[in-house]
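Enquirer: I have a structure I would like to understand better, so I am pasting it below and will then ask my questions one at a time.
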Amino acid sequence: RDEIADLAQAFQRMLGNLRTYRHQVEERTAELTETNELMKQEIAERRRTEEALAAEKERLAVTLRSIGDGVITTDIQGRVFLMNKAAEELTGWSNEESYGKYINEVFYIIDTETRRRCDDPVDMALSFGSKREFSGQIVLIARDGTERMIDKIAAPIRDQESNITGVVLAFHDVTEQRKMQEELLRTQKLESVGLLAGGIAHDFNNLLTAILGNVNLAKVFAEKGENVIELLTEAENASLRAKDLTQQLLTFSRGGAPVKKAASISDLIRDTTRFVLRGSNVRCVFSIPEDLYPVCVDEGQISQVINNLIINADQAMPEGGEISVRAENTSVKPGDALPLKAGEYVKITIKDQGCGIPEKHLAKIYDPYFTTKQKGNGLGLATVHSIVKKHDGYIGVESGPDVGATFYFYLPASPDDKILTKKKEAGVLMNGGGKILVMDDEEIVRKVEGAMLGRIGYEVSFAKDGREAIESYQALMGTGQAFDVVIMDLTIPGGMGGKETIKKLLEIDPQVKAIVSSGYSNDPVMADFRNYGFSDVIVKPYEVKEVGEVLHRVLGGGDR
């Protein structure tokens, strides 16, 4: 019985232990279950954090790839550990190639003026401990030697405790921006030169009007056969050459609408070419037919075209050589590979034996400021192209290495216009009669105009500005008479000029006949005088026969 009791007690103890163990297992299982849940949550949280970091990293990478500025980040030793696509393109280094390299090896910058290497931007950002901006004449030299002007910013990278852990460098290409700024500056300078040249040309043309007019009159009054006529002719030719030079100055510096008239281009080609090549070791061979069509051109501007092309041809042959100048009549038909309207044209070709123009430059030769010459300004061919285009013409070029350059340009022909040669015109004055009112602020111009007009039969009155001209015109109308023609200067410093005066005169007398005259031959009024109310135009300086012909046309004796 005692054994049974002991066995029962032992069984009871075992049941108690089992209950205890079971309770412990349940408790531990609950703890493990809770721990497992926590671990699951932690793993999920970590996964979400990693995904967020990956998304943020991708957004940063996309941002860096998409921005136009180059971005390079370094550690505090200046070793590169990140470079975006723009930085790769600007430096010529890939992100993988640059990783771990020092910034000075990858980011090579110099000062444009001294050509010396610039200070390390990373060192400067670390030294100052703040953002540093660098702008001015800084050039980045890429791995392949390409040079670009840049602006850049370097700033330290800080962690949460504000400790510097590296440097970020941002930079962008400003080459085109700087070129535009330089071009704008050149344009502004050119406009200033143009204003100065216009003023000089105006005043100079007034003086030439007096000189040329008086020489003309002296020739008329001189006895035939006297040596003085030959001397006066030389002075006259010199004055006319000076007139051409002032016109070329205006054309070069300001351009402007051409003042066109029917003209023979043969003499213009020969005279301009010979003038340019005077003293040169280059000779010129002309091929110009006798039946070359007249052209409707601004002689001063077309002279500038020929002048520039001949100068270029001459400079292309420093050791001497031959320039071929050819002119020919040609027809342009619909469908021809030329950007011209169908019709009759005169084609002028100028060929040299120089070194030629490289093919890579042919597309740029008409660009303003493009030049391959050490002392060139890049405006010669730009001016040529502009003038030919304003004459509704076309200019082209053919060239190759060591075969010289051939420039050719087309000008619209006027086959029906009859042009008298200068020799046939020489000494022939068209006399007339009537009352002429001359308005000009320069006394010397009024005096010589009065003498010239008086010589060919006109009665002349004078006014020094628009106000006086209007008063004189109204006063004569009050007597029942009227001026037959008013010749007025376009520009009157400090007073009413021709443009304003003609408006007032048309209000007083809609039938008024007025001729506009100016040394500013490129003024739009001179090119489109009829739309401003004028009957004709005459460019200063002019000769007696020129003013006689213009008056003859205006008073009904001929057509313009």
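Within each chain, counting starts at residue 1; across the structure tokens, chains are named A, B, ... in the order shown, with ligands numbered 1 upward in that order.
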Using DSSP on the backbone coordinates, identify the residues of range 20-118 of chain A assigned to helix (DSSP H, G or I); present them as a PyMOL selection string.
Expert: chain A and resi 20-66+85-91+95-98+103-106
Enquirer: Taking C-alpha atoms for each residue, export the selection above as a PDB file, in the first residue's frame.
Expert:
```pdb
ATOM      1  CA  THR A  20       4.333  24.082 -14.788  1.00  0.00           C
ATOM      2  CA  TYR A  21       6.253  23.144 -17.931  1.00  0.00           C
ATOM      3  CA  ARG A  22       3.163  23.577 -20.026  1.00  0.00           C
ATOM      4  CA  HIS A  23       2.594  27.014 -18.575  1.00  0.00           C
ATOM      5  CA  GLN A  24       6.238  27.919 -19.180  1.00  0.00           C
ATOM      6  CA  VAL A  25       6.018  26.627 -22.753  1.00  0.00           C
ATOM      7  CA  GLU A  26       2.877  28.619 -23.333  1.00  0.00           C
ATOM      8  CA  GLU A  27       4.487  31.728 -21.901  1.00  0.00           C
ATOM      9  CA  ARG A  28       7.648  31.206 -23.963  1.00  0.00           C
ATOM     10  CA  THR A  29       5.561  30.461 -27.049  1.00  0.00           C
ATOM     11  CA  ALA A  30       3.659  33.685 -26.508  1.00  0.00           C
ATOM     12  CA  GLU A  31       6.950  35.554 -26.079  1.00  0.00           C
ATOM     13  CA  LEU A  32       8.367  33.958 -29.236  1.00  0.00           C
ATOM     14  CA  THR A  33       5.171  34.717 -31.126  1.00  0.00           C
ATOM     15  CA  GLU A  34       5.353  38.356 -30.020  1.00  0.00           C
ATOM     16  CA  THR A  35       9.048  38.509 -30.897  1.00  0.00           C
ATOM     17  CA  ASN A  36       8.323  36.989 -34.282  1.00  0.00           C
ATOM     18  CA  GLU A  37       5.645  39.580 -34.952  1.00  0.00           C
ATOM     19  CA  LEU A  38       8.019  42.333 -33.944  1.00  0.00           C
ATOM     20  CA  MET A  39      10.669  40.904 -36.237  1.00  0.00           C
ATOM     21  CA  LYS A  40       8.162  40.756 -39.088  1.00  0.00           C
ATOM     22  CA  GLN A  41       7.239  44.387 -38.456  1.00  0.00           C
ATOM     23  CA  GLU A  42      10.920  45.359 -38.288  1.00  0.00           C
ATOM     24  CA  ILE A  43      11.643  43.507 -41.516  1.00  0.00           C
ATOM     25  CA  ALA A  44       8.679  45.145 -43.208  1.00  0.00           C
ATOM     26  CA  GLU A  45       9.734  48.539 -41.904  1.00  0.00           C
ATOM     27  CA  ARG A  46      13.283  47.971 -43.079  1.00  0.00           C
ATOM     28  CA  ARG A  47      12.012  46.887 -46.491  1.00  0.00           C
ATOM     29  CA  ARG A  48       9.874  50.033 -46.735  1.00  0.00           C
ATOM     30  CA  THR A  49      12.858  52.181 -45.714  1.00  0.00           C
ATOM     31  CA  GLU A  50      15.066  50.493 -48.283  1.00  0.00           C
ATOM     32  CA  GLU A  51      12.417  50.978 -50.979  1.00  0.00           C
ATOM     33  CA  ALA A  52      12.037  54.645 -50.016  1.00  0.00           C
ATOM     34  CA  LEU A  53      15.800  55.103 -50.115  1.00  0.00           C
ATOM     35  CA  ALA A  54      15.969  53.394 -53.508  1.00  0.00           C
ATOM     36  CA  ALA A  55      13.153  55.607 -54.826  1.00  0.00           C
ATOM     37  CA  GLU A  56      14.847  58.716 -53.427  1.00  0.00           C
ATOM     38  CA  LYS A  57      18.140  57.631 -54.954  1.00  0.00           C
ATOM     39  CA  GLU A  58      16.424  57.068 -58.318  1.00  0.00           C
ATOM     40  CA  ARG A  59      14.716  60.468 -58.104  1.00  0.00           C
ATOM     41  CA  LEU A  60      18.073  62.076 -57.329  1.00  0.00           C
ATOM     42  CA  ALA A  61      19.697  60.220 -60.228  1.00  0.00           C
ATOM     43  CA  VAL A  62      16.887  61.236 -62.603  1.00  0.00           C
ATOM     44  CA  THR A  63      17.129  64.831 -61.385  1.00  0.00           C
ATOM     45  CA  LEU A  64      20.891  64.915 -61.838  1.00  0.00           C
ATOM     46  CA  ARG A  65      20.583  63.350 -65.290  1.00  0.00           C
ATOM     47  CA  SER A  66      17.881  65.766 -66.418  1.00  0.00           C
ATOM     48  CA  LYS A  85      25.431  63.180 -67.395  1.00  0.00           C
ATOM     49  CA  ALA A  86      25.919  66.910 -68.079  1.00  0.00           C
ATOM     50  CA  ALA A  87      29.230  66.834 -66.227  1.00  0.00           C
ATOM     51  CA  GLU A  88      30.263  63.799 -68.267  1.00  0.00           C
ATOM     52  CA  GLU A  89      29.555  65.669 -71.516  1.00  0.00           C
ATOM     53  CA  LEU A  90      31.330  68.855 -70.409  1.00  0.00           C
ATOM     54  CA  THR A  91      34.444  67.192 -68.958  1.00  0.00           C
ATOM     55  CA  ASN A  95      31.017  58.629 -64.020  1.00  0.00           C
ATOM     56  CA  GLU A  96      32.758  55.245 -63.822  1.00  0.00           C
ATOM     57  CA  GLU A  97      36.100  56.546 -65.136  1.00  0.00           C
ATOM     58  CA  SER A  98      36.140  59.538 -62.816  1.00  0.00           C
ATOM     59  CA  ILE A 103      38.968  66.660 -58.915  1.00  0.00           C
ATOM     60  CA  ASN A 104      41.957  68.476 -60.474  1.00  0.00           C
ATOM     61  CA  GLU A 105      42.476  65.587 -62.870  1.00  0.00           C
ATOM     62  CA  VAL A 106      38.850  65.530 -64.023  1.00  0.00           C
TER      63      VAL A 106
END
```
Enquirer: Find the residues around Arg455 in chain A up to 10 Å (only C-alpha atoms counted), leave out those fewer than 2 positions away in its own chain, and share them as a ChimeraX atom specification.
Expert: /A:217,220-221,429,431-432,449-453,457-459,544
Enquirer: With N, CA and C atoms retained, export the selected residues as an mmCIF file, in the first residue's frame.
Expert:
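This is the output file result32.cif:
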```cif
data_model
loop_
_atom_site.group_PDB
_atom_site.id
_atom_site.type_symbol
_atom_site.label_atom_id
_atom_site.label_comp_id
_atom_site.auth_asym_id
_atom_site.auth_seq_id
_atom_site.Cartn_x
_atom_site.Cartn_y
_atom_site.Cartn_z
ATOM 1 N N LEU A 217 31.199 124.605 -112.248
ATOM 2 C CA LEU A 217 30.959 125.964 -112.767
ATOM 3 C C LEU A 217 32.233 126.562 -113.353
ATOM 4 N N VAL A 220 32.683 125.251 -116.741
ATOM 5 C CA VAL A 220 31.737 125.842 -117.697
ATOM 6 C C VAL A 220 32.222 127.212 -118.150
ATOM 7 N N PHE A 221 32.756 128.008 -117.190
ATOM 8 C CA PHE A 221 33.157 129.374 -117.510
ATOM 9 C C PHE A 221 34.568 129.462 -118.096
ATOM 10 N N LEU A 429 24.626 120.184 -120.581
ATOM 11 C CA LEU A 429 23.803 120.697 -119.500
ATOM 12 C C LEU A 429 22.378 120.895 -119.999
ATOM 13 N N ASN A 431 19.369 122.955 -119.794
ATOM 14 C CA ASN A 431 18.876 124.248 -119.334
ATOM 15 C C ASN A 431 17.371 124.204 -119.113
ATOM 16 N N GLY A 432 16.903 125.091 -118.269
ATOM 17 C CA GLY A 432 15.471 125.137 -117.996
ATOM 18 C C GLY A 432 15.052 126.535 -117.604
ATOM 19 N N GLU A 449 24.537 125.899 -104.913
ATOM 20 C CA GLU A 449 23.320 125.452 -105.585
ATOM 21 C C GLU A 449 22.692 126.614 -106.359
ATOM 22 N N GLY A 450 22.701 127.762 -105.729
ATOM 23 C CA GLY A 450 22.155 128.938 -106.407
ATOM 24 C C GLY A 450 22.921 129.245 -107.680
ATOM 25 N N ALA A 451 24.265 129.133 -107.625
ATOM 26 C CA ALA A 451 25.091 129.404 -108.800
ATOM 27 C C ALA A 451 24.844 128.370 -109.895
ATOM 28 N N MET A 452 24.745 127.096 -109.500
ATOM 29 C CA MET A 452 24.522 126.040 -110.492
ATOM 30 C C MET A 452 23.161 126.197 -111.162
ATOM 31 N N LEU A 453 22.133 126.417 -110.344
ATOM 32 C CA LEU A 453 20.781 126.553 -110.892
ATOM 33 C C LEU A 453 20.653 127.815 -111.739
ATOM 34 N N GLY A 457 19.613 128.431 -115.972
ATOM 35 C CA GLY A 457 18.415 129.166 -116.338
ATOM 36 C C GLY A 457 17.321 129.302 -115.307
ATOM 37 N N TYR A 458 17.567 128.924 -114.050
ATOM 38 C CA TYR A 458 16.505 128.986 -113.044
ATOM 39 C C TYR A 458 16.671 130.201 -112.140
ATOM 40 N N GLU A 459 15.525 130.674 -111.631
ATOM 41 C CA GLU A 459 15.494 131.772 -110.661
ATOM 42 C C GLU A 459 15.408 131.142 -109.269
ATOM 43 N N VAL A 544 26.391 119.865 -111.793
ATOM 44 C CA VAL A 544 25.405 120.734 -112.448
ATOM 45 C C VAL A 544 24.490 119.917 -113.338
#
```
Enquirer: Any idea what's packed within 10 Å of Leu126 in chain A, counting only C-alpha atoms, ignoring anything in its chain fewer than 5 positions away? Could you give it as number ranges by chain?
Expert: A: 76-78, 121, 131-132, 154-157, 164-167
Enquirer: Next, dump the selected residues to file, keeping only C-alpha atoms, as a PDB file, in the first residue's frame.
Expert:
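Written out: part_13.pdb:
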```
ATOM      1  CA  ILE A  76      36.817  65.890 -48.257  1.00  0.00           C
ATOM      2  CA  GLN A  77      40.019  64.699 -49.935  1.00  0.00           C
ATOM      3  CA  GLY A  78      38.700  65.961 -53.267  1.00  0.00           C
ATOM      4  CA  PRO A 121      37.310  74.903 -56.201  1.00  0.00           C
ATOM      5  CA  LYS A 131      29.182  78.269 -50.876  1.00  0.00           C
ATOM      6  CA  ARG A 132      31.591  79.931 -53.309  1.00  0.00           C
ATOM      7  CA  ALA A 154      31.197  74.980 -55.088  1.00  0.00           C
ATOM      8  CA  ALA A 155      29.546  74.241 -51.723  1.00  0.00           C
ATOM      9  CA  PRO A 156      30.420  71.958 -48.799  1.00  0.00           C
ATOM     10  CA  ILE A 157      28.234  68.917 -48.059  1.00  0.00           C
ATOM     11  CA  ILE A 164      31.615  68.619 -43.665  1.00  0.00           C
ATOM     12  CA  THR A 165      31.727  65.295 -45.496  1.00  0.00           C
ATOM     13  CA  GLY A 166      32.496  66.486 -49.012  1.00  0.00           C
ATOM     14  CA  VAL A 167      31.909  69.130 -51.678  1.00  0.00           C
TER      15      VAL A 167
END
```
Enquirer: If DSSP is run on the backbone, what residues of range 18-249 of chain A are strand (DSSP E)? A reply as a VMD selection string would be ideal.
Expert: chain A and resid 70 to 75 80 to 83 108 to 111 132 to 134 138 to 141 147 to 158 164 to 173
Enquirer: Find, counting only C-alpha atoms, the residue in A:Ala463, A:Val403, A:Val346, A:Asp159 that gets nearest to Pro415 in chain A.
Expert: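 When distances to Pro415 in chain A are compared using only C-alpha atoms, the smallest one comes from A:Val346.
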Enquirer: Which residues are near range 268-271 of chain A? Cut-off 8 Å, only C-alpha atoms, ignore same chain within fewer than 5 positions. Put them as a PyMOL selection string.
Expert: chain A and resi 286+299+303+306
Enquirer: Which residues are close to Gln474 in chain A, i.e. within 12 Å by only C-alpha atoms, leaving aside same-chain residues fewer than 4 positions away? Reply as a list in words.
Expert: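 The contact residues come out as Leu437, Arg467, Glu468, Ala469, Ile470, Gly478, Thr479, Gly480, Gln481, Ala482, Phe483, Lys504, Leu505, Leu506, Glu507, Ile508, Asp509 and Val512 of chain A.
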Enquirer: If you count only C-alpha atoms, which residues fall within 6 Å of range 535-540 of chain A, apart from same-chain ones fewer than 2 positions away, as a PyMOL selection string?
Expert: chain A and resi 205+513-519+542
Enquirer: Pick from A:Asp298, A:Asp267, A:Asp75, A:Asp352: nearest to Ala125 in chain A, with only C-alpha atoms counted?
Expert: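 Of A:Asp298, A:Asp267, A:Asp75, A:Asp352, the one nearest Ala125 in chain A, counting only C-alpha atoms, is A:Asp75.
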